[in-house]
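Peer 1: Handing over entry_33.cif, mmCIF, C-alpha atoms.
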```cif
data_run
#
loop_
_atom_site.group_PDB
_atom_site.id
_atom_site.type_symbol
_atom_site.label_atom_id
_atom_site.label_comp_id
_atom_site.auth_asym_id
_atom_site.auth_seq_id
_atom_site.Cartn_x
_atom_site.Cartn_y
_atom_site.Cartn_z
ATOM 1 C CA MET A 1 131.712 6.833 -27.200
ATOM 2 C CA SER A 2 130.982 7.196 -23.502
ATOM 3 C CA LYS A 3 127.737 8.206 -21.905
ATOM 4 C CA GLN A 4 128.068 11.085 -19.481
ATOM 5 C CA ILE A 5 125.843 11.347 -16.459
ATOM 6 C CA THR A 6 125.339 14.683 -14.793
ATOM 7 C CA LEU A 7 125.571 15.232 -11.061
ATOM 8 C CA ASP A 8 121.804 15.739 -11.002
ATOM 9 C CA GLY A 9 121.421 12.415 -12.798
ATOM 10 C CA LYS A 10 123.596 10.659 -10.218
ATOM 11 C CA ILE A 11 121.620 12.221 -7.361
ATOM 12 C CA LYS A 12 118.374 11.077 -8.980
ATOM 13 C CA GLN A 13 119.756 7.532 -9.330
ATOM 14 C CA LEU A 14 120.722 7.487 -5.641
ATOM 15 C CA GLU A 15 117.323 8.823 -4.592
ATOM 16 C CA ASP A 16 115.585 6.156 -6.680
ATOM 17 C CA LEU A 17 117.779 3.435 -5.180
ATOM 18 C CA ALA A 18 117.082 4.678 -1.635
ATOM 19 C CA ASP A 19 113.341 4.812 -2.374
ATOM 20 C CA GLU A 20 113.414 1.235 -3.669
ATOM 21 C CA LYS A 21 115.331 0.018 -0.592
ATOM 22 C CA VAL A 22 112.875 1.708 1.800
ATOM 23 C CA ARG A 23 109.875 0.250 -0.026
ATOM 24 C CA ASP A 24 111.486 -3.212 0.004
ATOM 25 C CA ARG A 25 112.020 -2.915 3.762
ATOM 26 C CA LEU A 26 108.407 -1.837 4.315
ATOM 27 C CA GLU A 27 107.180 -4.785 2.242
ATOM 28 C CA HIS A 28 109.360 -7.089 4.346
ATOM 29 C CA ILE A 29 107.770 -5.671 7.520
ATOM 30 C CA ALA A 30 104.291 -6.083 6.011
ATOM 31 C CA ASN A 31 104.979 -9.700 5.079
ATOM 32 C CA TYR A 32 106.301 -10.491 8.548
ATOM 33 C CA ALA A 33 103.323 -8.861 10.294
ATOM 34 C CA ILE A 34 100.956 -10.974 8.210
ATOM 35 C CA PHE A 35 103.039 -14.120 8.749
ATOM 36 C CA VAL A 36 102.970 -13.822 12.568
ATOM 37 C CA SER A 37 99.268 -12.909 12.711
ATOM 38 C CA PRO A 38 96.380 -15.232 13.425
ATOM 39 C CA VAL A 39 93.996 -15.754 10.530
ATOM 40 C CA ASP A 40 90.443 -17.019 10.795
ATOM 41 C CA THR A 41 87.956 -14.687 9.102
ATOM 42 C CA GLY A 42 90.666 -12.353 7.826
ATOM 43 C CA ALA A 43 89.305 -9.314 9.644
ATOM 44 C CA TYR A 44 92.445 -8.864 11.752
ATOM 45 C CA VAL A 45 95.099 -9.132 9.021
ATOM 46 C CA GLU A 46 92.992 -7.178 6.537
ATOM 47 C CA SER A 47 92.792 -4.344 9.099
ATOM 48 C CA PHE A 48 96.530 -3.617 8.871
ATOM 49 C CA SER A 49 97.489 -0.266 7.371
ATOM 50 C CA MET A 50 100.826 1.439 6.770
ATOM 51 C CA LEU A 51 100.561 5.186 6.924
ATOM 52 C CA PRO A 52 102.913 8.122 7.283
ATOM 53 C CA ALA A 53 103.382 8.835 10.994
ATOM 54 C CA GLY A 54 100.778 11.244 12.300
ATOM 55 C CA LYS A 55 98.164 10.324 9.718
ATOM 56 C CA GLY A 56 94.875 9.184 11.188
ATOM 57 C CA GLY A 57 92.639 6.444 9.946
ATOM 58 C CA GLY A 58 93.435 3.102 8.434
ATOM 59 C CA ARG A 59 91.497 -0.060 7.744
ATOM 60 C CA SER A 60 89.040 -1.561 10.205
ATOM 61 C CA LYS A 61 87.312 -4.857 9.456
ATOM 62 C CA LYS A 62 84.876 -6.652 11.755
ATOM 63 C CA SER A 63 85.016 -10.427 12.072
ATOM 64 C CA GLU A 64 81.301 -10.603 12.945
ATOM 65 C CA ALA A 65 80.432 -9.411 9.445
ATOM 66 C CA ARG A 66 82.305 -12.304 7.807
ATOM 67 C CA THR A 67 80.957 -15.724 6.936
ATOM 68 C CA ALA A 68 84.127 -17.452 5.711
ATOM 69 C CA SER A 69 86.477 -19.008 8.250
ATOM 70 C CA VAL A 70 89.834 -20.767 8.022
ATOM 71 C CA LYS A 71 88.993 -22.777 11.145
ATOM 72 C CA GLU A 72 85.739 -23.975 9.593
ATOM 73 C CA GLY A 73 87.414 -24.771 6.275
ATOM 74 C CA THR A 74 85.411 -22.209 4.289
ATOM 75 C CA ALA A 75 88.362 -19.874 3.697
ATOM 76 C CA SER A 76 92.024 -20.194 2.812
ATOM 77 C CA ARG A 77 94.731 -18.617 4.980
ATOM 78 C CA GLU A 78 96.796 -18.003 1.856
ATOM 79 C CA GLN A 79 93.951 -16.208 0.088
ATOM 80 C CA ILE A 80 93.243 -13.995 3.110
ATOM 81 C CA ALA A 81 96.955 -13.272 3.598
ATOM 82 C CA GLU A 82 97.265 -12.301 -0.066
ATOM 83 C CA GLU A 83 94.396 -9.801 0.306
ATOM 84 C CA ALA A 84 96.077 -8.306 3.400
ATOM 85 C CA ARG A 85 99.415 -8.157 1.561
ATOM 86 C CA SER A 86 97.783 -6.456 -1.413
ATOM 87 C CA ASN A 87 96.283 -3.822 0.910
ATOM 88 C CA LEU A 88 99.624 -3.086 2.576
ATOM 89 C CA TYR A 89 101.556 -3.051 -0.706
ATOM 90 C CA SER A 90 99.020 -0.536 -2.023
ATOM 91 C CA ASP A 91 99.649 1.648 1.032
ATOM 92 C CA ILE A 92 103.412 1.409 0.479
ATOM 93 C CA LYS A 93 103.125 2.161 -3.233
ATOM 94 C CA GLY A 94 101.099 5.290 -2.444
ATOM 95 C CA PHE A 95 103.689 6.790 -0.087
ATOM 96 C CA SER A 96 105.515 9.953 -0.922
ATOM 97 C CA LEU A 97 108.607 8.966 1.025
ATOM 98 C CA GLY A 98 110.077 12.434 0.777
ATOM 99 C CA SER A 99 107.182 13.959 2.720
ATOM 100 C CA SER A 100 107.497 11.815 5.865
ATOM 101 C CA ASP A 101 110.462 10.298 7.629
ATOM 102 C CA ARG A 102 108.411 7.780 9.649
ATOM 103 C CA VAL A 103 105.817 5.156 8.824
ATOM 104 C CA THR A 104 103.308 3.588 11.185
ATOM 105 C CA LEU A 105 102.003 0.035 10.970
ATOM 106 C CA ARG A 106 98.514 0.108 12.437
ATOM 107 C CA ASN A 107 95.681 -2.346 12.987
ATOM 108 C CA ARG A 108 92.264 -0.833 13.626
ATOM 109 C CA ALA A 109 90.242 -4.058 13.833
ATOM 110 C CA PRO A 110 87.770 -3.718 16.719
ATOM 111 C CA HIS A 111 89.275 -6.871 18.230
ATOM 112 C CA ALA A 112 92.955 -5.921 17.688
ATOM 113 C CA ARG A 113 93.648 -5.358 21.385
ATOM 114 C CA GLU A 114 92.104 -8.742 22.187
ATOM 115 C CA VAL A 115 94.287 -10.462 19.576
ATOM 116 C CA GLU A 116 97.397 -8.665 20.832
ATOM 117 C CA ASP A 117 96.958 -8.942 24.583
ATOM 118 C CA LYS A 118 94.177 -11.265 25.694
ATOM 119 C CA LEU A 119 94.854 -13.993 23.151
ATOM 120 C CA GLY A 120 98.604 -13.446 23.442
ATOM 121 C CA TRP A 121 99.556 -13.181 19.769
ATOM 122 C CA SER A 122 101.713 -10.093 20.460
ATOM 123 C CA VAL A 123 102.020 -9.328 16.742
ATOM 124 C CA PHE A 124 103.256 -5.775 17.235
ATOM 125 C CA THR A 125 105.762 -6.866 19.866
ATOM 126 C CA LYS A 126 107.155 -9.438 17.426
ATOM 127 C CA VAL A 127 107.370 -6.836 14.645
ATOM 128 C CA ARG A 128 109.086 -4.325 16.974
ATOM 129 C CA ASN A 129 111.523 -6.978 18.214
ATOM 130 C CA LYS A 130 112.486 -7.926 14.669
ATOM 131 C CA PHE A 131 112.547 -4.508 12.997
ATOM 132 C CA GLY A 132 112.874 -2.000 15.834
#
```
Once more with this new file: its structure as structure tokens, please.

Peer 2:
Amino acid sequence: MSKQITLDGKIKQLEDLADEKVRDRLEHIANYAIFVSPVDTGAYVESFSMLPAGKGGGRSKKSEARTASVKEGTASREQIAEEARSNLYSDIKGFSLGSSDRVTLRNRAPHAREVEDKLGWSVFTKVRNKFG
């Protein structure tokens, strides 16, 4: 006995597969952004957000409010990176991919411009160069 799949069923399977591929790609971008970012207090990497293009807001953490530091040995880079990853994965999971055709990676840390330009980390340039 063979199982028949309707055209609507096939379309749904393709949509689900496309959704999974897009989410995988966004997670890959999130992981790379965290990987190429500096981590001390965690404020910078924990300020990343992924939002549908045109949406305002996003996370903003201040390093001055933090007491733990990777440089001082009171925090773990891996633990901070995992928190940042969890935040971004939550953003990605919450997307309704059918309602927006573009996604924006954003960092609203008060010191983001300093990290990018003055300190020369160029995180967004690296992400753009790798993923377009």

Peer 1: Specify as a list in words each residue included when the PyMOL selection byres ((chain A and resi 28) around 12) is applied to this file.

Peer 2: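 When the PyMOL selection byres ((chain A and resi 28) around 12) is applied to the shown file, the picked residues are Lys21, Val22, Arg23, Asp24, Arg25, Leu26, Glu27, Ile29, Ala30, Asn31, Tyr32, Ala33, Ile34, Phe35, Arg85, Leu88, Tyr89, Ile92, Val127, Lys130 and Phe131 of chain A.
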
Peer 1: From the options A:Leu97, A:Ala75, A:Ala53, A:Val36, which residue's atoms come nearest to Glu15 in chain A, counting only C-alpha atoms?

Peer 2: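 Of A:Leu97, A:Ala75, A:Ala53, A:Val36, the one nearest Glu15 in chain A is A:Leu97, counting only C-alpha atoms.
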
Peer 1: Restricting the calculation to all atoms listed in the file: of A:Ala84, A:Ala109, A:Leu17, A:Leu7, which residue gets closest to Tyr44 in chain A?

Peer 2: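 Answer, going by the shortest atom-to-atom distance: A:Ala109.
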
Peer 1: One decimal, in Å: what's the spacing between CA of Pro52 in chain A and CA of Asp16 in chain A?

Peer 2: 19.0 Å

Peer 1: Counting all atoms listed in the file, select every polymer residue within 8 Å of (90.7, -18.2, 12.5) as defined in the file's coordinates, and provide the selection as a CSV table (one decimal) with C-alpha atoms, in the frame of the given file.

Peer 2:
```
chain,number,residue,atom,x,y,z
A,38,PRO,CA,96.4,-15.2,13.4
A,39,VAL,CA,94.0,-15.8,10.5
A,40,ASP,CA,90.4,-17.0,10.8
A,41,THR,CA,88.0,-14.7,9.1
A,42,GLY,CA,90.7,-12.4,7.8
A,69,SER,CA,86.5,-19.0,8.2
A,70,VAL,CA,89.8,-20.8,8.0
A,71,LYS,CA,89.0,-22.8,11.1
```

Peer 1: Calculated over all atoms listed in the file, which of the candidates A:Ala68, A:Leu105, A:Ala81, A:Ala43 has the smallest distance to Val123 in chain A?

Peer 2: A:Leu105

Peer 1: For the file shown, what are the residues hit by the PyMOL selection byres ((chain A and resi 59-64) around 7), laid out as a list in words?

Peer 2: Thr41, Ala43, Tyr44, Glu46, Ser47, Phe48, Ser49, Gly57, Gly58, Ala65, Arg66, Arg108, Ala109 and Pro110 of chain A

Peer 1: As an exercise, work out the distance from CA of Lys93 in chain A to CA of Ala18 in chain A in Å and give it to one decimal place.

Peer 2: 14.3 Å

Peer 1: Give me, please, the distance in Å between CA of Gly132 in chain A and CA of Ser100 in chain A, quoted to one decimal.

Peer 2: 17.9 Å

Peer 1: Show me, as JSON, the centre and edge lengths in Å to one decimal of the axis-aligned box that covers every listed atom of range 110-113 of chain A with 3 Å on each side.

Peer 2:
```
{"center_x": 90.7, "center_y": -5.3, "center_z": 19.1, "size_x": 11.9, "size_y": 9.2, "size_z": 10.7}
```

Peer 1: Mind listing whatever residues come within 9 Å of the point (100.1, -12.6, 20.5)? Use only C-alpha atoms, file coordinates, and give them as a ChimeraX atom specification.

Peer 2: /A:36-38,115-126

Peer 1: Find the residue from A:Met50, A:Arg106, A:Glu114, A:Glu82 that sits nearest to Gly94 in chain A; use all atoms listed in the file when measuring.

Peer 2: A:Met50

Peer 1: Which of these residues is nearest to Asn87 in chain A, using only C-alpha atoms: A:Gln4, A:Arg102, A:Leu51, A:His111?

Peer 2: A:Leu51

Peer 1: Reconstruct N, CA and C atoms of range 22-45 of chain A from the incomplete input and present them as a compact mmCIF listing (two decimals), keeping the file's coordinate frame.

Peer 2:
```txt
# COMPACT_ATOMS: atom_id res chain seq x y z
N VAL A 22 113.85 1.43 0.74
CA VAL A 22 112.88 1.71 1.80
C VAL A 22 111.59 0.94 1.54
N ARG A 23 111.11 0.97 0.31
CA ARG A 23 109.88 0.25 -0.03
C ARG A 23 110.05 -1.26 0.17
N ASP A 24 111.21 -1.79 -0.21
CA ASP A 24 111.49 -3.21 0.00
C ASP A 24 111.44 -3.55 1.49
N ARG A 25 112.01 -2.69 2.30
CA ARG A 25 112.02 -2.92 3.76
C ARG A 25 110.60 -2.87 4.32
N LEU A 26 109.80 -1.93 3.86
CA LEU A 26 108.41 -1.84 4.32
C LEU A 26 107.60 -3.07 3.89
N GLU A 27 107.85 -3.56 2.69
CA GLU A 27 107.18 -4.78 2.24
C GLU A 27 107.61 -5.98 3.10
N HIS A 28 108.86 -6.02 3.48
CA HIS A 28 109.36 -7.09 4.35
C HIS A 28 108.65 -7.04 5.71
N ILE A 29 108.49 -5.85 6.26
CA ILE A 29 107.77 -5.67 7.52
C ILE A 29 106.32 -6.10 7.36
N ALA A 30 105.69 -5.70 6.27
CA ALA A 30 104.29 -6.08 6.01
C ALA A 30 104.15 -7.60 5.94
N ASN A 31 105.04 -8.24 5.21
CA ASN A 31 104.98 -9.70 5.08
C ASN A 31 105.14 -10.38 6.43
N TYR A 32 106.06 -9.89 7.24
CA TYR A 32 106.30 -10.49 8.55
C TYR A 32 105.08 -10.31 9.45
N ALA A 33 104.51 -9.11 9.46
CA ALA A 33 103.32 -8.86 10.29
C ALA A 33 102.19 -9.81 9.93
N ILE A 34 102.00 -10.05 8.66
CA ILE A 34 100.96 -10.97 8.21
C ILE A 34 101.32 -12.40 8.61
N PHE A 35 102.58 -12.78 8.43
CA PHE A 35 103.04 -14.12 8.75
C PHE A 35 102.82 -14.48 10.22
N VAL A 36 103.07 -13.53 11.14
CA VAL A 36 102.97 -13.82 12.57
C VAL A 36 101.58 -13.54 13.13
N SER A 37 100.63 -13.22 12.26
CA SER A 37 99.27 -12.91 12.71
C SER A 37 98.36 -14.12 12.63
N PRO A 38 97.38 -14.18 13.53
CA PRO A 38 96.38 -15.23 13.42
C PRO A 38 95.44 -14.92 12.26
N VAL A 39 94.95 -15.95 11.63
CA VAL A 39 94.00 -15.75 10.53
C VAL A 39 92.84 -16.73 10.70
N ASP A 40 91.66 -16.19 10.83
CA ASP A 40 90.44 -17.02 10.80
C ASP A 40 89.51 -16.43 9.74
N THR A 41 88.85 -15.32 10.07
CA THR A 41 87.96 -14.69 9.10
C THR A 41 88.69 -13.72 8.19
N GLY A 42 89.88 -13.31 8.60
CA GLY A 42 90.67 -12.35 7.83
C GLY A 42 90.50 -10.92 8.29
N ALA A 43 89.56 -10.69 9.20
CA ALA A 43 89.30 -9.31 9.64
C ALA A 43 90.54 -8.68 10.28
N TYR A 44 91.26 -9.43 11.08
CA TYR A 44 92.44 -8.86 11.75
C TYR A 44 93.53 -8.50 10.74
N VAL A 45 93.99 -9.43 9.94
CA VAL A 45 95.10 -9.13 9.02
C VAL A 45 94.70 -8.14 7.93
```
